[in-house]
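*Asks:* Supplied in structure tokens, the structure appears directly below.
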Amino acid sequence: MNAPGTATAPALPPAARGRAPGRARRLPHLLPRLLRHALPLACALLATACNTLPAPVGAERSYRGRFALSVTRAAGPGAQAQHNAWSGRFALAVGPQNLALDLVSPLGATIARFETDAREARLLVPADGGVRVEHGPDAQVLSEQVLGWSLPIVGMTDWVEGRPAPGRPSSPLPADPGRERFAQDGWDVTVQRPEGERRGLLLQMDRPAGDATPAVALRVVLDGPAS
């Protein structure tokens, strides 16, 4: 899968480097910066990142594959729409009451992890020789707080099996030939079963723009069935 073009993201503002007591930091450019590093020094730093995040425990199912993510903010009067895109690999581990989603750079280093359990959601990012942790009530709220837009982290645990998540409202969408489509959690999900040399599902997850949120499109290609 061809990697989409990457738009230049501004540097992380100094104010975002400290933590304001009692509330999560808004770091909308943190993950994009990590995903797009390519200079030799950045490569060396990313190569050590995978050693700072422990392996997830208690997984009953695990998935691996490639992702392509794009975020589009609507244009204001007299301005152009802002479009950013990134790609890499991911690993998803699913347990009875927990999940861990690792985002992996094209260089193979784990650079961020979303975790959820029965109590909360966490975002772990290697930083300053250790791990920086952000907390939130659930994965969707946490991703909006930290990134400025939502990721379908909880829904993916069932969508990667080609089905809506049970126990939450969903509705079928008009299907294209060879594709199944449904809507859930504010996302339109398109599922393509394995074909040809592709061993795993292909998922296209789209969330339209809201009054204060950008449109998000996430494309995932699984390496194969759950292991």
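Following the order of the structure tokens, first chain is A, next is B, and so on, with residues numbered from 1 inside each chain and ligands from 1 in the order they appear.
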Residues at most 7 Å from segment 115-132 of chain A, counting only C-alpha atoms, excluding those fewer than 6 positions away in the same chain, as a PyMOL selection string?
*Replies:* chain A and resi 49+52+97-101+138-139+142
*Asks:* Can you spit out the residues from that selection as a PDB file, in the first residue's frame, using N, CA and C atoms?
*Replies:*
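This is the output file again_17.pdb:
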ATOM      1  N   ALA A  49      12.765   3.383  21.012  1.00  0.00           N
ATOM      2  CA  ALA A  49      11.445   3.569  21.599  1.00  0.00           C
ATOM      3  C   ALA A  49      10.775   2.247  21.912  1.00  0.00           C
ATOM      4  N   THR A  52      11.094   0.849  25.439  1.00  0.00           N
ATOM      5  CA  THR A  52      10.572   1.564  26.588  1.00  0.00           C
ATOM      6  C   THR A  52       9.114   1.255  26.853  1.00  0.00           C
ATOM      7  N   GLN A  97     -11.173  -7.502  29.167  1.00  0.00           N
ATOM      8  CA  GLN A  97     -11.613  -6.165  29.534  1.00  0.00           C
ATOM      9  C   GLN A  97     -10.580  -5.106  29.202  1.00  0.00           C
ATOM     10  N   ASN A  98      -9.668  -5.441  28.332  1.00  0.00           N
ATOM     11  CA  ASN A  98      -8.601  -4.497  28.030  1.00  0.00           C
ATOM     12  C   ASN A  98      -8.174  -4.640  26.578  1.00  0.00           C
ATOM     13  N   LEU A  99      -7.517  -3.602  26.087  1.00  0.00           N
ATOM     14  CA  LEU A  99      -6.912  -3.658  24.761  1.00  0.00           C
ATOM     15  C   LEU A  99      -5.670  -2.788  24.760  1.00  0.00           C
ATOM     16  N   ALA A 100      -4.789  -3.060  23.828  1.00  0.00           N
ATOM     17  CA  ALA A 100      -3.599  -2.244  23.615  1.00  0.00           C
ATOM     18  C   ALA A 100      -3.403  -2.081  22.113  1.00  0.00           C
ATOM     19  N   LEU A 101      -3.318  -0.842  21.663  1.00  0.00           N
ATOM     20  CA  LEU A 101      -3.093  -0.539  20.250  1.00  0.00           C
ATOM     21  C   LEU A 101      -1.755   0.162  20.122  1.00  0.00           C
ATOM     22  N   ASP A 138     -12.070   7.329  28.495  1.00  0.00           N
ATOM     23  CA  ASP A 138     -12.156   6.270  27.487  1.00  0.00           C
ATOM     24  C   ASP A 138     -11.279   6.660  26.317  1.00  0.00           C
ATOM     25  N   ALA A 139     -11.087   5.716  25.406  1.00  0.00           N
ATOM     26  CA  ALA A 139     -10.116   5.918  24.335  1.00  0.00           C
ATOM     27  C   ALA A 139     -10.521   7.042  23.386  1.00  0.00           C
ATOM     28  N   LEU A 142      -9.924  10.385  25.109  1.00  0.00           N
ATOM     29  CA  LEU A 142      -8.489  10.611  25.249  1.00  0.00           C
ATOM     30  C   LEU A 142      -7.857  11.014  23.929  1.00  0.00           C
TER      31      LEU A 142
END
*Asks:* Sorted by chain and rising residue number, list the residues of segment 72-146 of chain A at most 10 Å from segment 199-213 of chain A (counting only C-alpha atoms), each with its closest atom pair and distance in Å to one decimal, as JSON lines.
*Replies:*
{"residue": "A:Thr72", "atom": "CA", "partner": "A:Ala209", "partner_atom": "CA", "distance": 8.0}
{"residue": "A:Arg73", "atom": "CA", "partner": "A:Thr213", "partner_atom": "CA", "distance": 7.4}
{"residue": "A:Ala74", "atom": "CA", "partner": "A:Ala209", "partner_atom": "CA", "distance": 7.8}
{"residue": "A:Glu144", "atom": "CA", "partner": "A:Thr213", "partner_atom": "CA", "distance": 8.8}
*Asks:* I need the residues from that last selection saved to file as a CSV table (one decimal), in the first residue's frame (with C-alpha atoms), if you can.
*Replies:*
chain,number,residue,atom,x,y,z
A,72,THR,CA,-8.9,17.0,7.0
A,73,ARG,CA,-10.0,20.3,8.6
A,74,ALA,CA,-12.6,22.4,6.7
A,144,GLU,CA,-9.7,13.9,21.1
*Asks:* Run DSSP on the backbone and tell me which residues of segment 147-196 of chain A come out as strand (DSSP E); list them as a ChimeraX atom specification.
*Replies:* /A:170-172,179-184,187-192
*Asks:* For the residues in that selection, give me N, CA and C atoms as a compact mmCIF listing (two decimals), in the first residue's frame.
*Replies:*
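New file out-v5.txt:
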# COMPACT_ATOMS: atom_id res chain seq x y z
N SER A 170 -25.90 0.05 15.95
CA SER A 170 -25.25 0.06 14.64
C SER A 170 -26.34 -0.05 13.59
N SER A 171 -26.00 0.33 12.37
CA SER A 171 -26.99 0.25 11.29
C SER A 171 -26.27 -0.11 10.00
N PRO A 172 -26.91 -0.92 9.14
CA PRO A 172 -26.28 -1.26 7.86
C PRO A 172 -26.28 -0.07 6.92
N ARG A 179 -18.22 -5.73 -0.87
CA ARG A 179 -17.95 -4.99 0.36
C ARG A 179 -19.16 -5.03 1.27
N GLU A 180 -18.91 -5.04 2.57
CA GLU A 180 -19.96 -4.91 3.58
C GLU A 180 -19.77 -3.57 4.29
N ARG A 181 -20.89 -2.91 4.60
CA ARG A 181 -20.79 -1.58 5.18
C ARG A 181 -21.79 -1.44 6.32
N PHE A 182 -21.36 -0.75 7.39
CA PHE A 182 -22.25 -0.45 8.50
C PHE A 182 -21.76 0.83 9.19
N ALA A 183 -22.63 1.42 9.98
CA ALA A 183 -22.31 2.63 10.74
C ALA A 183 -22.38 2.31 12.23
N GLN A 184 -21.40 2.77 12.98
CA GLN A 184 -21.38 2.57 14.43
C GLN A 184 -20.45 3.58 15.08
N TRP A 187 -18.90 6.33 13.07
CA TRP A 187 -18.01 5.96 11.97
C TRP A 187 -18.77 5.17 10.92
N ASP A 188 -18.43 5.39 9.65
CA ASP A 188 -18.89 4.54 8.55
C ASP A 188 -17.77 3.53 8.27
N VAL A 189 -18.10 2.25 8.38
CA VAL A 189 -17.09 1.19 8.27
C VAL A 189 -17.37 0.35 7.02
N THR A 190 -16.34 0.19 6.20
CA THR A 190 -16.42 -0.65 5.01
C THR A 190 -15.47 -1.82 5.17
N VAL A 191 -15.96 -3.04 4.96
CA VAL A 191 -15.18 -4.25 5.16
C VAL A 191 -15.01 -4.95 3.82
N GLN A 192 -13.78 -5.27 3.45
CA GLN A 192 -13.50 -6.11 2.29
C GLN A 192 -12.81 -7.39 2.76
*Asks:* For Ala59 of chain A, which residue among A:Ile153, A:Ala165, A:Ala226, A:Leu218 is the nearest when counting only C-alpha atoms?
*Replies:* A:Ala226
*Asks:* Running DSSP on the backbone, which parts of segment 45-225 of chain A land in alpha helix (DSSP H), as a ChimeraX atom specification?
*Replies:* /A:45-49,139-147,156-159
*Asks:* Restricted to C-alpha atoms, what would the selected residues look like written as a JSON list (two decimals), in the first residue's frame?
*Replies:*
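Below is the file again18.json, written as the result:
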[["chain", "number", "residue", "atom", "x", "y", "z"],
["A", 45, "LEU", "CA", 15.74, 7.67, 18.82],
["A", 46, "LEU", "CA", 12.83, 5.75, 17.35],
["A", 47, "ALA", "CA", 14.87, 2.56, 17.29],
["A", 48, "THR", "CA", 15.13, 2.75, 21.10],
["A", 49, "ALA", "CA", 11.44, 3.57, 21.60],
["A", 139, "ALA", "CA", -10.12, 5.92, 24.33],
["A", 140, "GLN", "CA", -12.23, 8.20, 22.15],
["A", 141, "VAL", "CA", -12.22, 11.07, 24.65],
["A", 142, "LEU", "CA", -8.49, 10.61, 25.25],
["A", 143, "SER", "CA", -7.62, 10.69, 21.55],
["A", 144, "GLU", "CA", -9.69, 13.87, 21.12],
["A", 145, "GLN", "CA", -7.99, 15.49, 24.13],
["A", 146, "VAL", "CA", -4.47, 14.63, 23.05],
["A", 147, "LEU", "CA", -4.63, 14.62, 19.24],
["A", 156, "MET", "CA", -11.76, -1.75, 16.07],
["A", 157, "THR", "CA", -11.69, -4.73, 18.45],
["A", 158, "ASP", "CA", -14.77, -6.09, 16.65],
["A", 159, "TRP", "CA", -14.47, -4.35, 13.30]]
*Asks:* Out of A:Val71, A:Ile111, A:Val154, A:Ala91, which residue has the shortest atom-to-atom distance to Val221 of chain A when counting only C-alpha atoms?
*Replies:*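 Residue with the minimum atom-to-atom distance to Val221 of chain A: A:Ala91.
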*Asks:* Rounded to one decimal place, report the atom CA of Ser150 of chain A-atom CA of Gly224 of chain A distance in Å.
*Replies:*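 Spanning atom CA of Ser150 of chain A to atom CA of Gly224 of chain A is a straight-line distance of 25.6 Å.
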*Asks:* Using atom CA of Gly88 of chain A and atom CA of Pro106 of chain A as the two end points, give the distance in Å to one decimal.
*Replies:*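 Between atom CA of Gly88 of chain A and atom CA of Pro106 of chain A the gap works out to 5.0 Å.
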